[in-house]
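What follows is the content of protein-v5.tsv (TSV, C-alpha atoms).
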```
chain	number	residue	atom	x	y	z
A	1	MET	CA	62.41	34.99	-0.62
A	2	LYS	CA	62.74	35.33	3.13
A	3	PRO	CA	65.55	33.40	4.83
A	4	GLY	CA	64.39	29.94	5.81
A	5	ASN	CA	61.45	29.90	3.40
A	6	LYS	CA	61.34	26.94	1.06
A	7	PRO	CA	60.92	27.67	-2.66
A	8	ASP	CA	57.38	27.08	-3.90
A	9	PRO	CA	57.45	23.77	-5.81
A	10	PHE	CA	54.69	24.80	-8.23
A	11	THR	CA	56.49	28.01	-9.18
A	12	ALA	CA	59.71	26.08	-9.75
A	13	LYS	CA	57.86	23.48	-11.80
A	14	ALA	CA	56.21	26.17	-13.94
A	15	HIS	CA	59.59	27.74	-14.75
A	16	LYS	CA	61.03	24.34	-15.59
A	17	GLU	CA	58.14	23.35	-17.86
A	18	GLY	CA	57.88	26.71	-19.64
A	19	TYR	CA	54.61	27.96	-18.16
A	20	LEU	CA	54.12	31.62	-17.31
A	21	ALA	CA	52.56	31.08	-13.87
A	22	ARG	CA	52.05	28.42	-11.20
A	23	SER	CA	48.27	28.74	-11.66
A	24	VAL	CA	48.51	26.35	-14.62
A	25	TYR	CA	48.65	23.45	-12.16
A	26	LYS	CA	45.28	24.45	-10.73
A	27	LEU	CA	43.79	24.03	-14.19
A	28	GLU	CA	45.74	20.84	-14.79
A	29	GLU	CA	44.25	19.26	-11.66
A	30	ILE	CA	40.74	20.48	-12.50
A	31	ASP	CA	41.14	19.01	-15.99
A	32	ARG	CA	42.31	15.71	-14.55
A	33	ARG	CA	39.37	15.51	-12.16
A	34	ILE	CA	36.54	16.53	-14.48
A	35	ARG	CA	37.99	15.74	-17.94
A	36	LEU	CA	37.59	19.32	-19.09
A	37	THR	CA	39.68	19.19	-22.27
A	38	ARG	CA	40.23	17.01	-25.31
A	39	PRO	CA	41.48	17.64	-28.86
A	40	GLY	CA	39.23	19.72	-31.07
A	41	LEU	CA	37.31	21.62	-28.37
A	42	ARG	CA	36.53	25.35	-28.50
A	43	VAL	CA	37.31	27.03	-25.17
A	44	LEU	CA	36.77	30.58	-23.87
A	45	ASP	CA	39.46	31.65	-21.37
A	46	LEU	CA	38.35	34.69	-19.31
A	47	GLY	CA	41.00	36.63	-17.42
A	48	ALA	CA	43.67	34.89	-19.48
A	49	ALA	CA	46.78	37.04	-18.92
A	50	PRO	CA	49.62	36.38	-18.46
A	51	GLY	CA	48.64	33.21	-20.27
A	52	SER	CA	49.49	30.00	-18.42
A	53	TRP	CA	45.92	28.69	-18.70
A	54	THR	CA	45.88	29.61	-22.39
A	55	GLN	CA	49.18	27.78	-22.91
A	56	TYR	CA	47.75	24.66	-21.30
A	57	LEU	CA	44.42	24.84	-23.15
A	58	ALA	CA	46.08	25.46	-26.52
A	59	ASN	CA	48.21	22.37	-26.05
A	60	LYS	CA	45.26	20.22	-24.95
A	61	VAL	CA	42.76	21.18	-27.68
A	62	GLY	CA	45.45	21.10	-30.37
A	63	ALA	CA	45.42	22.68	-33.81
A	64	ARG	CA	41.95	21.28	-34.54
A	65	GLY	CA	40.60	23.14	-31.52
A	66	HIS	CA	40.32	26.84	-30.75
A	67	VAL	CA	41.00	28.97	-27.67
A	68	VAL	CA	39.70	32.52	-27.25
A	69	ALA	CA	41.69	34.34	-24.56
A	70	LEU	CA	40.29	37.59	-23.17
A	71	ASP	CA	41.88	39.96	-20.66
A	72	LEU	CA	42.61	43.64	-20.09
A	73	ASN	CA	46.28	42.80	-20.51
A	74	PRO	CA	48.11	41.04	-23.35
A	75	LEU	CA	49.33	37.46	-23.25
A	76	ARG	CA	53.04	37.12	-22.53
A	77	PHE	CA	53.80	34.37	-24.99
A	78	ALA	CA	53.65	33.89	-28.73
A	79	ALA	CA	50.28	32.23	-29.14
A	80	PRO	CA	49.78	29.60	-31.85
A	81	LYS	CA	47.36	30.17	-34.72
A	82	HIS	CA	44.48	28.38	-33.02
A	83	VAL	CA	44.50	30.92	-30.17
A	84	HIS	CA	42.62	34.20	-30.60
A	85	ALA	CA	43.72	36.71	-27.95
A	86	GLN	CA	41.91	39.99	-27.42
A	87	GLU	CA	42.48	42.81	-24.92
A	88	ILE	CA	39.08	43.88	-23.60
A	89	ASP	CA	37.38	44.90	-20.36
A	90	ILE	CA	35.27	41.81	-19.74
A	91	LEU	CA	32.98	43.66	-17.32
A	92	ALA	CA	32.31	46.52	-19.75
A	93	CYS	CA	32.27	44.73	-23.10
A	94	PRO	CA	28.76	43.82	-24.37
A	95	VAL	CA	28.09	40.13	-23.76
A	96	SER	CA	26.81	39.84	-27.33
A	97	ASP	CA	30.25	40.81	-28.65
A	98	ILE	CA	31.85	37.98	-26.70
A	99	ALA	CA	29.10	35.51	-27.62
A	100	ARG	CA	29.80	36.12	-31.31
A	101	LEU	CA	33.25	34.58	-30.79
A	102	GLY	CA	31.59	31.26	-29.87
A	103	PRO	CA	29.88	28.96	-29.42
A	104	PHE	CA	32.17	27.19	-26.97
A	105	ASP	CA	32.42	23.72	-25.49
A	106	ALA	CA	33.88	25.13	-22.26
A	107	VAL	CA	34.12	28.50	-20.54
A	108	VAL	CA	36.85	28.91	-17.92
A	109	SER	CA	37.55	31.93	-15.74
A	110	ASP	CA	40.54	32.56	-13.53
A	111	MET	CA	39.49	36.19	-13.11
A	112	ALA	CA	40.19	37.73	-9.72
A	113	PRO	CA	39.94	41.28	-8.40
A	114	HIS	CA	42.92	43.35	-7.34
A	115	THR	CA	42.75	42.52	-3.65
A	116	SER	CA	42.42	45.35	-1.16
A	117	GLY	CA	43.02	43.37	2.01
A	118	VAL	CA	39.43	44.03	3.08
A	119	ARG	CA	37.97	40.55	2.86
A	120	ASP	CA	34.28	41.48	2.41
A	121	SER	CA	35.13	43.92	-0.36
A	122	ASP	CA	37.41	41.44	-2.12
A	123	VAL	CA	34.78	38.69	-1.91
A	124	PHE	CA	32.12	41.00	-3.34
A	125	ARG	CA	34.31	41.88	-6.32
A	126	SER	CA	35.11	38.21	-6.88
A	127	VAL	CA	31.41	37.29	-6.90
A	128	GLU	CA	30.78	40.11	-9.39
A	129	LEU	CA	33.38	38.65	-11.75
A	130	VAL	CA	31.94	35.14	-11.46
A	131	GLU	CA	28.43	36.41	-12.16
A	132	ARG	CA	29.76	38.11	-15.28
A	133	ALA	CA	31.36	34.84	-16.36
A	134	ILE	CA	28.04	33.05	-15.79
A	135	VAL	CA	26.20	35.55	-18.00
A	136	ILE	CA	28.84	35.15	-20.72
A	137	ALA	CA	28.55	31.36	-20.48
A	138	ASP	CA	24.75	31.62	-20.71
A	139	ALA	CA	25.20	33.42	-24.04
A	140	SER	CA	28.06	31.45	-25.54
A	141	LEU	CA	28.32	27.93	-24.07
A	142	LYS	CA	26.88	24.96	-25.94
A	143	LYS	CA	24.29	22.68	-24.35
A	144	GLY	CA	26.21	20.05	-22.39
A	145	GLY	CA	29.23	22.35	-22.04
A	146	THR	CA	31.41	22.91	-18.99
A	147	PHE	CA	31.94	26.00	-16.84
A	148	VAL	CA	34.85	26.62	-14.43
A	149	ALA	CA	35.36	29.79	-12.41
A	150	LYS	CA	37.49	30.95	-9.51
A	151	ILE	CA	35.60	32.55	-6.64
A	152	PHE	CA	36.56	33.82	-3.20
A	153	GLN	CA	34.81	32.11	-0.29
A	154	GLY	CA	32.53	34.34	1.73
A	155	GLU	CA	29.17	36.07	1.48
A	156	GLY	CA	27.64	35.40	-1.91
A	157	PHE	CA	29.31	32.03	-2.46
A	158	ASP	CA	26.21	29.96	-1.66
A	159	ALA	CA	24.00	32.16	-3.85
A	160	THR	CA	26.43	31.89	-6.74
A	161	ARG	CA	26.59	28.11	-6.43
A	162	ALA	CA	22.78	28.06	-6.42
A	163	MET	CA	22.79	30.04	-9.69
A	164	LEU	CA	24.97	27.38	-11.26
A	165	ARG	CA	22.67	24.60	-10.06
A	166	THR	CA	19.85	26.09	-12.14
A	167	ARG	CA	22.09	26.05	-15.21
A	168	TYR	CA	24.11	22.82	-15.01
A	169	GLU	CA	23.22	19.21	-14.34
A	170	THR	CA	26.04	18.86	-11.81
A	171	VAL	CA	27.89	21.48	-9.77
A	172	ARG	CA	31.15	20.74	-7.97
A	173	VAL	CA	33.46	22.76	-5.70
A	174	LEU	CA	37.18	22.10	-6.10
A	175	LYS	CA	40.24	23.33	-4.21
A	176	PRO	CA	43.30	22.36	-6.28
A	177	GLU	CA	46.48	21.41	-4.50
A	178	ALA	CA	48.29	24.31	-6.20
A	179	SER	CA	46.01	26.83	-4.48
A	180	ARG	CA	47.88	28.26	-1.52
A	181	LYS	CA	46.58	26.90	1.77
A	182	GLU	CA	45.96	30.37	3.18
A	183	SER	CA	44.04	31.49	0.07
A	184	ILE	CA	40.25	31.93	0.18
A	185	GLU	CA	40.01	31.08	-3.51
A	186	ILE	CA	38.09	28.02	-4.66
A	187	TYR	CA	36.72	26.86	-8.00
A	188	LEU	CA	33.10	26.35	-8.97
A	189	VAL	CA	32.51	23.81	-11.73
A	190	GLY	CA	29.31	23.40	-13.74
A	191	LEU	CA	29.04	20.16	-15.72
A	192	SER	CA	26.60	19.64	-18.61
A	193	ARG	CA	24.93	22.98	-19.29
A	194	ARG	CA	21.15	22.88	-19.43
A	195	GLU	CA	19.46	23.94	-22.67
A	196	ASP	CA	17.59	27.05	-21.46
A	197	PRO	CA	19.11	28.51	-18.29
A	198	PRO	CA	16.92	31.06	-16.48
A	199	PRO	CA	17.87	34.74	-16.70
A	200	LEU	CA	20.35	35.80	-14.05
A	201	ASP	CA	18.45	37.52	-11.26
A	202	PRO	CA	20.32	40.69	-10.21
A	203	ALA	CA	18.48	40.54	-6.86
A	204	ALA	CA	20.29	37.27	-6.11
A	205	ALA	CA	23.63	39.06	-5.87
A	206	PRO	CA	24.81	39.94	-2.35
A	207	PRO	CA	24.69	43.61	-1.41
A	208	ALA	CA	27.94	45.52	-1.73
A	209	PRO	CA	29.77	45.76	1.60
A	210	ALA	CA	30.57	49.15	3.04
A	211	GLY	CA	33.39	50.70	1.03
A	212	ALA	CA	32.80	48.56	-2.06
A	213	PRO	CA	32.01	50.34	-5.32
A	214	GLY	CA	28.33	50.56	-6.13
```
Go ahead and render the structure in this file as structure tokens.
Amino acid sequence: MKPGNKPDPFTAKAHKEGYLARSVYKLEEIDRRIRLTRPGLRVLDLGAAPGSWTQYLANKVGARGHVVALDLNPLRFAAPKHVHAQEIDILACPVSDIARLGPFDAVVSDMAPHTSGVRDSDVFRSVELVERAIVIADASLKKGGTFVAKIFQGEGFDATRAMLRTRYETVRVLKPEASRKESIEIYLVGLSRREDPPPLDPAAAPPAPAGAPG
């Protein structure tokens, strides 16, 4: 910490309350505002590591519920029996393999790219991850279910929100208090999944910016 900088209150709170990362308070606020969780739900947690969202979800759904936590990296806590954690590449794994772990009442994604500092490139990669989460939710989320995903603001945001509007009765945009003020991250929320969402149109995705992987 640089001299004169105040300690981050959310980081301090996470340490005090036994959570692995401050990001748990983003989910807590989202839950409070949209009533995402309740005992007995089945939830898919994409980009779960190190595991603060999984910790929160496991506590909220309880032993009668079930949380499936997927990430390239392992969780950093001893997960209870009603959590199934799996180390996979979510972009490369067949969607059908993930769908077989459902169906789910909610799909949440805190996935984010390794930032390069080039905003257009980072936004493009973020949109790619959200689109993947949408496809997974199309295949595994129950009718009436809820979708939450982090996305970086920039080119492609409006098109991604439009995709959600064809799939969910209500779409909201939330910026939790625990998100750093300087961050371009924001959360897209889809409430009440429609029965037969249209296929995702690859042409709707924004073109890759110069320097982004094709």
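When all atoms listed in the file are used to compute distances to Glu87 (chain A), the closest of the residues A:Ile134, A:Leu188, A:Leu101, A:Leu72 turns out to be A:Leu72.
Taking only C-alpha atoms into account, Ala21 (chain A) lies nearest to A:Trp53 out of the set A:Ala92, A:Arg35, A:Lys175, A:Trp53.
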Which residues, written as an mmCIF file with C-alpha atoms, in the coordinates of the input, have at least one atom at most 10 Å from Glu29 (chain A), with all atoms listed in the file counted and residues fewer than 6 positions away on the same chain left out?
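Dumped to part_15.cif:
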```
data_model
loop_
_atom_site.group_PDB
_atom_site.id
_atom_site.type_symbol
_atom_site.label_atom_id
_atom_site.label_comp_id
_atom_site.auth_asym_id
_atom_site.auth_seq_id
_atom_site.Cartn_x
_atom_site.Cartn_y
_atom_site.Cartn_z
ATOM 1 C CA ARG A 35 37.990 15.740 -17.940
ATOM 2 C CA LEU A 36 37.590 19.320 -19.090
ATOM 3 C CA LEU A 174 37.180 22.100 -6.100
ATOM 4 C CA LYS A 175 40.240 23.330 -4.210
ATOM 5 C CA PRO A 176 43.300 22.360 -6.280
ATOM 6 C CA GLU A 177 46.480 21.410 -4.500
ATOM 7 C CA ALA A 178 48.290 24.310 -6.200
#
```
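Put simply, CA of Thr146 (chain A) is 12.1 Å away from CA of Asp45 (chain A).
With only C-alpha atoms as the atoms that count, the residue of A:Gly47, A:Pro197, A:Gly154, A:Gly102 with the shortest distance to Glu169 (chain A) is A:Pro197.
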Interatomic distance, CA of Lys13 (chain A) to CA of Leu46 (chain A) (Å, one decimal): 23.7 Å
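In this comparison, which uses all atoms listed in the file, the residue of A:Ala139, A:Val189, A:Leu70, A:Val173 approaching Ala99 (chain A) most closely is A:Ala139.
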Atom-to-atom span, CA of Ala63 (chain A) and CA of Gly40 (chain A), Å: 7.4 Å
Tell me, counting all atoms listed in the file, for each residue of region 8-37 of chain A within 10 Å of region 109-124 of chain A, which pair of atoms is nearest and how far apart they are in Å to one decimal, in rows ordered by chain and increasing number, as JSON lines.
```
{"residue": "A:Ser23", "atom": "CA", "partner": "A:Asp110", "partner_atom": "CA", "distance": 8.8}
{"residue": "A:Lys26", "atom": "CA", "partner": "A:Asp110", "partner_atom": "CA", "distance": 9.8}
{"residue": "A:Leu27", "atom": "CA", "partner": "A:Asp110", "partner_atom": "CA", "distance": 9.2}
```
Neighbour list for Ile151 (chain A) as a PyMOL selection string, cut-off 7 Å, all atoms listed in the file, skip fewer than 2 positions in-chain: chain A and resi 126-127+130+149+153+185-187
Proximity to Leu200 (chain A) - best of A:Arg38, A:Lys181, A:Val135, A:Lys150, all atoms listed in the file: A:Val135
Shell around Val68 (chain A) at 6 Å using all atoms listed in the file, local window under 6 positions removed, as a PyMOL selection string: chain A and resi 44-45+83-85
Take region 32-45 of chain A, bring it up to N, CA and C atoms, and give me the output as a PDB file, in the coordinates of the input.
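The result, stored in part-v8.pdb:
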```
ATOM      1  N   ARG A  32      42.145  17.128 -14.880  1.00  0.00           N
ATOM      2  CA  ARG A  32      42.310  15.710 -14.550  1.00  0.00           C
ATOM      3  C   ARG A  32      41.087  15.152 -13.810  1.00  0.00           C
ATOM      4  N   ARG A  33      40.481  15.978 -12.988  1.00  0.00           N
ATOM      5  CA  ARG A  33      39.370  15.510 -12.160  1.00  0.00           C
ATOM      6  C   ARG A  33      38.019  15.535 -12.871  1.00  0.00           C
ATOM      7  N   ILE A  34      37.844  16.444 -13.825  1.00  0.00           N
ATOM      8  CA  ILE A  34      36.540  16.530 -14.480  1.00  0.00           C
ATOM      9  C   ILE A  34      36.595  16.266 -15.986  1.00  0.00           C
ATOM     10  N   ARG A  35      37.811  15.981 -16.503  1.00  0.00           N
ATOM     11  CA  ARG A  35      37.990  15.740 -17.940  1.00  0.00           C
ATOM     12  C   ARG A  35      37.464  16.917 -18.759  1.00  0.00           C
ATOM     13  N   LEU A  36      38.016  18.067 -18.474  1.00  0.00           N
ATOM     14  CA  LEU A  36      37.590  19.320 -19.090  1.00  0.00           C
ATOM     15  C   LEU A  36      37.962  19.395 -20.567  1.00  0.00           C
ATOM     16  N   THR A  37      39.163  18.957 -20.916  1.00  0.00           N
ATOM     17  CA  THR A  37      39.680  19.190 -22.270  1.00  0.00           C
ATOM     18  C   THR A  37      39.847  17.896 -23.059  1.00  0.00           C
ATOM     19  N   ARG A  38      39.851  18.080 -24.372  1.00  0.00           N
ATOM     20  CA  ARG A  38      40.230  17.010 -25.310  1.00  0.00           C
ATOM     21  C   ARG A  38      40.488  17.684 -26.653  1.00  0.00           C
ATOM     22  N   PRO A  39      41.177  17.034 -27.555  1.00  0.00           N
ATOM     23  CA  PRO A  39      41.480  17.640 -28.860  1.00  0.00           C
ATOM     24  C   PRO A  39      40.218  18.053 -29.600  1.00  0.00           C
ATOM     25  N   GLY A  40      40.311  19.233 -30.227  1.00  0.00           N
ATOM     26  CA  GLY A  40      39.230  19.720 -31.070  1.00  0.00           C
ATOM     27  C   GLY A  40      38.209  20.603 -30.392  1.00  0.00           C
ATOM     28  N   LEU A  41      38.290  20.795 -29.066  1.00  0.00           N
ATOM     29  CA  LEU A  41      37.310  21.620 -28.370  1.00  0.00           C
ATOM     30  C   LEU A  41      37.548  23.111 -28.619  1.00  0.00           C
ATOM     31  N   ARG A  42      36.463  23.881 -28.477  1.00  0.00           N
ATOM     32  CA  ARG A  42      36.530  25.350 -28.500  1.00  0.00           C
ATOM     33  C   ARG A  42      36.345  25.838 -27.060  1.00  0.00           C
ATOM     34  N   VAL A  43      37.305  26.616 -26.575  1.00  0.00           N
ATOM     35  CA  VAL A  43      37.310  27.030 -25.170  1.00  0.00           C
ATOM     36  C   VAL A  43      37.448  28.548 -25.067  1.00  0.00           C
ATOM     37  N   LEU A  44      36.664  29.160 -24.188  1.00  0.00           N
ATOM     38  CA  LEU A  44      36.770  30.580 -23.870  1.00  0.00           C
ATOM     39  C   LEU A  44      37.498  30.717 -22.545  1.00  0.00           C
ATOM     40  N   ASP A  45      38.612  31.449 -22.550  1.00  0.00           N
ATOM     41  CA  ASP A  45      39.460  31.650 -21.370  1.00  0.00           C
ATOM     42  C   ASP A  45      39.323  33.103 -20.927  1.00  0.00           C
TER      43      ASP A  45
END
```
